[in-house]
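Participant: You'll find final.pdb just under this line, and it carries PDB, C-alpha atoms.
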ATOM      1  CA  ARG A   6       0.000   0.000   0.000  1.00  0.00           C
ATOM      2  CA  VAL A   7       1.238   3.500  -0.877  1.00  0.00           C
ATOM      3  CA  ASP A   8       0.805   6.066   1.893  1.00  0.00           C
ATOM      4  CA  ALA A   9       2.351   9.063   0.171  1.00  0.00           C
ATOM      5  CA  ILE A  10       3.637  10.023  -3.243  1.00  0.00           C
ATOM      6  CA  ALA A  11       5.799  13.019  -4.161  1.00  0.00           C
ATOM      7  CA  MET A  12       6.039  14.047  -7.805  1.00  0.00           C
ATOM      8  CA  VAL A  13       7.031  16.828 -10.166  1.00  0.00           C
ATOM      9  CA  PRO A  14       4.214  17.138 -12.732  1.00  0.00           C
ATOM     10  CA  VAL A  15       5.617  17.495 -16.256  1.00  0.00           C
ATOM     11  CA  HIS A  16       2.686  19.664 -17.310  1.00  0.00           C
ATOM     12  CA  ASP A  17       0.417  21.255 -14.782  1.00  0.00           C
ATOM     13  CA  SER A  18      -2.604  19.077 -15.568  1.00  0.00           C
ATOM     14  CA  ALA A  19      -0.965  16.075 -17.217  1.00  0.00           C
ATOM     15  CA  LEU A  20      -1.048  13.980 -14.047  1.00  0.00           C
ATOM     16  CA  ASP A  21      -4.343  15.156 -12.528  1.00  0.00           C
ATOM     17  CA  ASP A  22      -6.153  11.843 -13.110  1.00  0.00           C
ATOM     18  CA  LEU A  23      -3.257   9.800 -11.713  1.00  0.00           C
ATOM     19  CA  ILE A  24      -2.998  12.064  -8.657  1.00  0.00           C
ATOM     20  CA  ASP A  25      -6.751  11.887  -8.097  1.00  0.00           C
ATOM     21  CA  ARG A  26      -6.742   8.068  -8.303  1.00  0.00           C
ATOM     22  CA  HIS A  27      -4.037   7.837  -5.626  1.00  0.00           C
ATOM     23  CA  VAL A  28      -5.824  10.338  -3.385  1.00  0.00           C
ATOM     24  CA  ALA A  29      -9.057   8.334  -3.780  1.00  0.00           C
ATOM     25  CA  ARG A  30      -7.131   5.258  -2.549  1.00  0.00           C
ATOM     26  CA  GLY A  31      -6.090   7.167   0.577  1.00  0.00           C
ATOM     27  CA  ALA A  32      -2.581   8.270  -0.371  1.00  0.00           C
ATOM     28  CA  SER A  33      -1.328  11.758   0.303  1.00  0.00           C
ATOM     29  CA  VAL A  34       0.117  13.284  -2.877  1.00  0.00           C
ATOM     30  CA  ILE A  35       2.606  16.130  -2.734  1.00  0.00           C
ATOM     31  CA  THR A  36       3.679  17.959  -5.879  1.00  0.00           C
ATOM     32  CA  PHE A  37       6.851  20.004  -5.916  1.00  0.00           C
ATOM     33  CA  HIS A  38       8.553  22.494  -8.205  1.00  0.00           C
ATOM     34  CA  SER A  39       5.555  22.415 -10.580  1.00  0.00           C
ATOM     35  CA  ASP A  40       1.995  22.328  -9.283  1.00  0.00           C
ATOM     36  CA  ALA A  41      -1.122  20.489 -10.426  1.00  0.00           C
ATOM     37  CA  PRO A  42      -3.676  22.866  -8.889  1.00  0.00           C
ATOM     38  CA  GLN A  43      -6.738  21.261 -10.512  1.00  0.00           C
ATOM     39  CA  SER A  44      -5.927  17.866  -8.995  1.00  0.00           C
ATOM     40  CA  ARG A  45      -6.798  16.659  -5.524  1.00  0.00           C
ATOM     41  CA  ARG A  46      -3.149  16.754  -4.455  1.00  0.00           C
ATOM     42  CA  THR A  47      -2.602  17.168  -0.735  1.00  0.00           C
ATOM     43  CA  LEU A  48       0.143  19.760  -0.840  1.00  0.00           C
ATOM     44  CA  PHE A  49       2.325  21.751  -3.219  1.00  0.00           C
ATOM     45  CA  VAL A  50       5.873  22.669  -2.234  1.00  0.00           C
ATOM     46  CA  GLY A  51       7.653  25.194  -4.375  1.00  0.00           C
ATOM     47  CA  PRO A  52       8.146  28.843  -5.225  1.00  0.00           C
ATOM     48  CA  ASP A  53       5.287  31.318  -5.272  1.00  0.00           C
ATOM     49  CA  ALA A  54       5.064  31.884  -9.026  1.00  0.00           C
ATOM     50  CA  PHE A  55       2.819  34.940  -8.750  1.00  0.00           C
ATOM     51  CA  HIS A  56       5.205  36.654  -6.327  1.00  0.00           C
ATOM     52  CA  SER A  57       8.128  35.687  -8.579  1.00  0.00           C
ATOM     53  CA  GLY A  58       6.420  37.536 -11.429  1.00  0.00           C
ATOM     54  CA  VAL A  59       5.843  40.561  -9.186  1.00  0.00           C
ATOM     55  CA  LEU A  60       9.544  40.599  -8.291  1.00  0.00           C
ATOM     56  CA  ALA A  61      10.529  40.268 -11.956  1.00  0.00           C
ATOM     57  CA  GLY A  62       8.275  43.224 -12.783  1.00  0.00           C
ATOM     58  CA  GLU A  63       9.691  45.282  -9.928  1.00  0.00           C
ATOM     59  CA  LEU A  64      13.261  44.556 -11.021  1.00  0.00           C
ATOM     60  CA  LEU A  65      12.526  45.284 -14.676  1.00  0.00           C
ATOM     61  CA  ALA A  66      10.749  48.544 -13.787  1.00  0.00           C
ATOM     62  CA  LYS A  67      13.748  49.683 -11.729  1.00  0.00           C
ATOM     63  CA  LEU A  68      16.245  48.732 -14.440  1.00  0.00           C
ATOM     64  CA  MET A  69      14.173  50.613 -17.031  1.00  0.00           C
ATOM     65  CA  GLY A  70      13.749  53.760 -14.955  1.00  0.00           C
ATOM     66  CA  ARG A  71      10.019  52.930 -14.654  1.00  0.00           C
ATOM     67  CA  ARG A  72       9.263  53.865 -18.256  1.00  0.00           C
ATOM     68  CA  GLY A  73       9.499  52.399 -21.719  1.00  0.00           C
ATOM     69  CA  ARG A  74       8.254  49.538 -23.868  1.00  0.00           C
ATOM     70  CA  VAL A  75       8.534  45.974 -22.586  1.00  0.00           C
ATOM     71  CA  LEU A  76       8.705  42.965 -24.882  1.00  0.00           C
ATOM     72  CA  THR A  77       7.289  39.945 -23.038  1.00  0.00           C
ATOM     73  CA  PHE A  78       7.690  36.238 -23.600  1.00  0.00           C
ATOM     74  CA  PRO A  79       5.374  34.854 -20.916  1.00  0.00           C
ATOM     75  CA  GLY A  80       5.425  31.253 -22.107  1.00  0.00           C
ATOM     76  CA  PRO A  81       2.362  29.095 -22.682  1.00  0.00           C
ATOM     77  CA  ARG A  82      -0.647  30.247 -20.649  1.00  0.00           C
ATOM     78  CA  HIS A  83      -1.759  26.638 -20.034  1.00  0.00           C
ATOM     79  CA  ALA A  84       1.313  26.147 -17.824  1.00  0.00           C
ATOM     80  CA  TYR A  85       0.017  27.258 -14.430  1.00  0.00           C
ATOM     81  CA  HIS A  86       3.331  28.516 -13.020  1.00  0.00           C
ATOM     82  CA  LEU A  87       4.056  30.550 -16.157  1.00  0.00           C
ATOM     83  CA  ALA A  88       0.563  32.052 -16.138  1.00  0.00           C
ATOM     84  CA  GLN A  89       0.985  32.956 -12.470  1.00  0.00           C
ATOM     85  CA  ARG A  90       4.371  34.579 -13.140  1.00  0.00           C
ATOM     86  CA  TYR A  91       2.889  36.578 -15.991  1.00  0.00           C
ATOM     87  CA  ASP A  92      -0.088  37.681 -13.870  1.00  0.00           C
ATOM     88  CA  GLY A  93       2.345  38.872 -11.191  1.00  0.00           C
ATOM     89  CA  LEU A  94       4.412  40.758 -13.758  1.00  0.00           C
ATOM     90  CA  ARG A  95       1.348  42.451 -15.239  1.00  0.00           C
ATOM     91  CA  GLY A  96       0.092  43.431 -11.798  1.00  0.00           C
ATOM     92  CA  GLU A  97       3.413  45.053 -10.998  1.00  0.00           C
ATOM     93  CA  MET A  98       3.572  46.806 -14.371  1.00  0.00           C
ATOM     94  CA  GLU A  99       0.163  48.376 -13.699  1.00  0.00           C
ATOM     95  CA  LEU A 100       1.790  50.206 -10.782  1.00  0.00           C
ATOM     96  CA  HIS A 101       4.129  51.918 -13.260  1.00  0.00           C
ATOM     97  CA  PRO A 102       2.041  53.819 -15.836  1.00  0.00           C
ATOM     98  CA  GLY A 103       5.179  54.694 -17.796  1.00  0.00           C
ATOM     99  CA  LEU A 104       5.668  51.038 -18.768  1.00  0.00           C
ATOM    100  CA  ASN A 105       3.916  49.755 -21.875  1.00  0.00           C
ATOM    101  CA  GLU A 106       3.835  46.078 -22.771  1.00  0.00           C
ATOM    102  CA  VAL A 107       4.357  44.655 -26.241  1.00  0.00           C
ATOM    103  CA  VAL A 108       3.307  40.997 -26.053  1.00  0.00           C
ATOM    104  CA  ALA A 109       5.392  38.704 -28.219  1.00  0.00           C
ATOM    105  CA  CYS A 110       3.794  35.649 -29.767  1.00  0.00           C
ATOM    106  CA  VAL A 111       6.439  33.655 -31.591  1.00  0.00           C
ATOM    107  CA  GLY A 112       6.569  30.208 -33.112  1.00  0.00           C
ATOM    108  CA  PRO A 113       8.878  27.305 -32.389  1.00  0.00           C
ATOM    109  CA  ASP A 114      11.995  29.119 -33.625  1.00  0.00           C
ATOM    110  CA  LEU A 115      12.064  31.570 -30.742  1.00  0.00           C
ATOM    111  CA  ALA A 116      15.490  33.028 -31.538  1.00  0.00           C
ATOM    112  CA  ALA A 117      14.500  34.002 -35.082  1.00  0.00           C
ATOM    113  CA  GLY A 118      11.265  35.446 -33.757  1.00  0.00           C
ATOM    114  CA  VAL A 119      13.105  37.587 -31.224  1.00  0.00           C
ATOM    115  CA  VAL A 120      15.449  38.969 -33.865  1.00  0.00           C
ATOM    116  CA  GLU A 121      12.500  39.892 -36.103  1.00  0.00           C
ATOM    117  CA  LEU A 122      10.560  41.456 -33.229  1.00  0.00           C
ATOM    118  CA  ILE A 123      13.514  43.552 -32.161  1.00  0.00           C
ATOM    119  CA  ARG A 124      14.061  44.752 -35.721  1.00  0.00           C
ATOM    120  CA  PHE A 125      10.430  45.592 -36.478  1.00  0.00           C
ATOM    121  CA  ALA A 126       8.601  46.235 -33.177  1.00  0.00           C
ATOM    122  CA  GLY A 127       9.835  49.768 -32.735  1.00  0.00           C
ATOM    123  CA  PRO A 128      11.745  50.858 -29.683  1.00  0.00           C
ATOM    124  CA  ILE A 129      12.082  48.161 -27.014  1.00  0.00           C
ATOM    125  CA  ASP A 130      13.386  49.232 -23.616  1.00  0.00           C
ATOM    126  CA  GLY A 131      13.148  45.996 -21.624  1.00  0.00           C
ATOM    127  CA  ILE A 132      12.438  42.288 -22.007  1.00  0.00           C
ATOM    128  CA  TYR A 133      10.676  39.773 -19.756  1.00  0.00           C
ATOM    129  CA  VAL A 134      11.022  36.026 -20.327  1.00  0.00           C
ATOM    130  CA  GLY A 135       8.689  34.006 -18.109  1.00  0.00           C
ATOM    131  CA  SER A 136       9.672  30.580 -19.392  1.00  0.00           C
ATOM    132  CA  GLU A 137      12.955  28.730 -19.497  1.00  0.00           C
ATOM    133  CA  GLN A 138      13.632  30.109 -22.998  1.00  0.00           C
ATOM    134  CA  ILE A 139      15.823  32.906 -21.687  1.00  0.00           C
ATOM    135  CA  VAL A 140      18.880  31.365 -23.370  1.00  0.00           C
ATOM    136  CA  GLU A 141      17.256  31.543 -26.823  1.00  0.00           C
ATOM    137  CA  VAL A 142      16.266  35.162 -26.203  1.00  0.00           C
ATOM    138  CA  ALA A 143      19.786  35.993 -24.947  1.00  0.00           C
ATOM    139  CA  LYS A 144      21.360  34.448 -28.059  1.00  0.00           C
ATOM    140  CA  ALA A 145      19.102  36.570 -30.258  1.00  0.00           C
ATOM    141  CA  LEU A 146      19.931  39.710 -28.278  1.00  0.00           C
ATOM    142  CA  GLN A 147      23.628  38.967 -28.651  1.00  0.00           C
ATOM    143  CA  GLU A 148      23.193  38.320 -32.390  1.00  0.00           C
ATOM    144  CA  CYS A 149      21.515  41.725 -32.789  1.00  0.00           C
ATOM    145  CA  ASP A 150      24.014  43.387 -30.449  1.00  0.00           C
ATOM    146  CA  PHE A 151      20.951  44.701 -28.612  1.00  0.00           C
ATOM    147  CA  ARG A 152      21.326  45.675 -24.960  1.00  0.00           C
ATOM    148  CA  VAL A 153      18.300  46.427 -22.814  1.00  0.00           C
ATOM    149  CA  PRO A 154      17.376  45.121 -19.372  1.00  0.00           C
ATOM    150  CA  CYS A 155      16.321  41.484 -19.752  1.00  0.00           C
ATOM    151  CA  VAL A 156      14.805  39.602 -16.819  1.00  0.00           C
ATOM    152  CA  GLY A 157      14.057  35.882 -16.858  1.00  0.00           C
ATOM    153  CA  PHE A 158      13.789  32.713 -14.812  1.00  0.00           C
ATOM    154  CA  THR A 159      16.720  30.348 -14.938  1.00  0.00           C
ATOM    155  CA  ASN A 160      20.099  30.001 -13.364  1.00  0.00           C
ATOM    156  CA  SER A 161      21.639  27.373 -15.585  1.00  0.00           C
ATOM    157  CA  GLU A 162      25.211  27.080 -16.765  1.00  0.00           C
ATOM    158  CA  GLU A 163      23.935  27.877 -20.240  1.00  0.00           C
ATOM    159  CA  VAL A 164      22.657  31.337 -19.247  1.00  0.00           C
ATOM    160  CA  GLU A 165      25.645  32.206 -17.036  1.00  0.00           C
ATOM    161  CA  PRO A 166      27.819  33.713 -19.818  1.00  0.00           C
ATOM    162  CA  PHE A 167      24.932  35.964 -20.869  1.00  0.00           C
ATOM    163  CA  VAL A 168      24.542  37.192 -17.299  1.00  0.00           C
ATOM    164  CA  LYS A 169      28.283  37.849 -16.991  1.00  0.00           C
ATOM    165  CA  SER A 170      28.351  39.767 -20.295  1.00  0.00           C
ATOM    166  CA  GLY A 171      25.338  41.856 -19.336  1.00  0.00           C
ATOM    167  CA  VAL A 172      23.001  40.530 -22.044  1.00  0.00           C
ATOM    168  CA  VAL A 173      20.718  39.151 -19.306  1.00  0.00           C
TER     169      VAL A 173
END
Kindly present the structure from the file in structure tokens form.
Facilitator:
Amino acid sequence: RVDAIAMVPVHDSALDDLIDRHVARGASVITFHSDAPQSRRTLFVGPDAFHSGVLAGELLAKLMGRRGRVLTFPGPRHAYHLAQRYDGLRGEMELHPGLNEVVACVGPDLAAGVVELIRFAGPIDGIYVGSEQIVEVAKALQECDFRVPCVGFTNSEEVEPFVKSGVV
């Protein structure tokens, strides 16, 4: 008999049925790092995605002098943690009327999309990347030799050189 299960859901709702079956059998299910809020999970352990988005917005606003146009890459809205981050960012941006958002919707080749957006979107003064695609955005910024404040969510070895060079 299983008394407790801990799991990291791959997609926020991908494991809801499995979680619910185990809960119905009496097991406590704890999700961590990524939540499954529509399931009957017992507990979620992880960062507060909404507050993370607020902090990203606060940092970006400060770096931009609280004014300018922001290019955003929030990530897929069906991913609960990304949607929460984006909601937090937007809430914080509303506190700074000098910030204007330009929402970026790009296809699978994110880097090419970023380059095109930067070239044709008009003046861009800051960039927000809510998903783990910060490396692709950083590569595009480097390719364009474009330097504006860029705030994202990862601390991988892959993004480290972009942080050190000031691209991110």
Participant: In Å, how far is it from CA of Pro42 (chain A) to CA of Tyr91 (chain A)?
Facilitator: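 Rounded to one decimal, the two atoms are 16.8 Å apart.
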Participant: What are the nearest atom pairs, with distances in Å to one decimal, for all residues of region 134-173 of chain A that come at most 10 Å from region 64-67 of chain A, using all atoms listed in the file, set out by chain and rising residue number as JSON lines?
Facilitator:
{"residue": "A:Pro154", "atom": "CA", "partner": "A:Leu65", "partner_atom": "CA", "distance": 6.8}
{"residue": "A:Cys155", "atom": "CA", "partner": "A:Leu65", "partner_atom": "CA", "distance": 7.4}
{"residue": "A:Val156", "atom": "CA", "partner": "A:Leu65", "partner_atom": "CA", "distance": 6.5}
{"residue": "A:Gly157", "atom": "CA", "partner": "A:Leu65", "partner_atom": "CA", "distance": 9.8}
Participant: If you apply the PyMOL selection byres ((chain A and resi 167) around 10) to this file, what residues do you get, as number ranges by chain?
Facilitator: A: 139-140, 143-144, 146-147, 162-166, 168-173
Participant: Residues within 10 Å of (-5.7, 15.6, -3.7), file coordinates, counting all atoms listed in the file: what are they? Give the list as a PyMOL selection string.
Facilitator: chain A and resi 21+24-29+31-36+41-48
Participant: Out of A:Val75, A:Leu100, A:Leu68, A:Leu60, which residue has the shortest atom-to-atom distance to Ile123 (chain A) when counting all atoms listed in the file?
Facilitator: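 Closest to Ile123 (chain A), using all atoms listed in the file: A:Val75.
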Participant: Apply the PyMOL selection byres ((chain A and resi 138) around 9) to the structure shown and report the selected residues as a list in words.
Facilitator: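 This file, filtered by the PyMOL selection byres ((chain A and resi 138) around 9), leaves Phe78, Gly80, Leu115, Val134, Gly135, Ser136, Glu137, Ile139, Val140, Glu141, Val142, Ala143, Gly157, Phe158 and Thr159 of chain A.
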Participant: Please compute the CA of His101 (chain A)-CA of Ala54 (chain A) distance, one decimal, in Å.
Facilitator: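 Calculated distance between CA of His101 (chain A) and CA of Ala54 (chain A) is 20.5 Å.
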Participant: Hey, which of A:His38, A:Arg30, A:Arg82, A:Arg124 ends up closest to Val50 (chain A)? Count all atoms listed in the file.
Facilitator: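 For Val50 (chain A), the nearest of the candidates is A:His38.
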Participant: Around (7.9, 41.1, -8.8), as given in the file, which residues come within 10 Å? Count only C-alpha atoms and list them as an NGL selection string.
Facilitator: :A and (54-66 or 90-91 or 93-98)
Participant: Show which residues sit within 12 Å of Gly127 (chain A), as a PDB file with C-alpha atoms, keeping the file's coordinate frame. Count all atoms listed in the file, and ignore same-chain residues fewer than 5 positions away.
Facilitator:
ATOM      1  CA  GLY A  73       9.499  52.399 -21.719  1.00  0.00           C
ATOM      2  CA  ARG A  74       8.254  49.538 -23.868  1.00  0.00           C
ATOM      3  CA  VAL A  75       8.534  45.974 -22.586  1.00  0.00           C
ATOM      4  CA  LEU A  76       8.705  42.965 -24.882  1.00  0.00           C
ATOM      5  CA  VAL A 107       4.357  44.655 -26.241  1.00  0.00           C
ATOM      6  CA  GLU A 121      12.500  39.892 -36.103  1.00  0.00           C
ATOM      7  CA  LEU A 122      10.560  41.456 -33.229  1.00  0.00           C
TER       8      LEU A 122
END
Participant: To one decimal in Å, tell me the separation between CA of Asp92 (chain A) and CA of Leu23 (chain A).
Facilitator: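 It comes out at 28.1 Å.
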Participant: For each of A:Arg72, A:Ala88, A:Val119, A:Pro79, take the minimum atom-to-atom distance to Asn105 (chain A), counting only C-alpha atoms, then give the residue where this is smallest.
Facilitator: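 Checking each of A:Arg72, A:Ala88, A:Val119, A:Pro79 against Asn105 (chain A), counting only C-alpha atoms, the winner is A:Arg72.
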Participant: So which one's closest to Gly131 (chain A), A:Ala145, A:Leu87, A:Ala109, A:Met69? Using only C-alpha atoms, please.
Facilitator: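 Ranking A:Ala145, A:Leu87, A:Ala109, A:Met69 by distance to Gly131 (chain A), first place goes to A:Met69.
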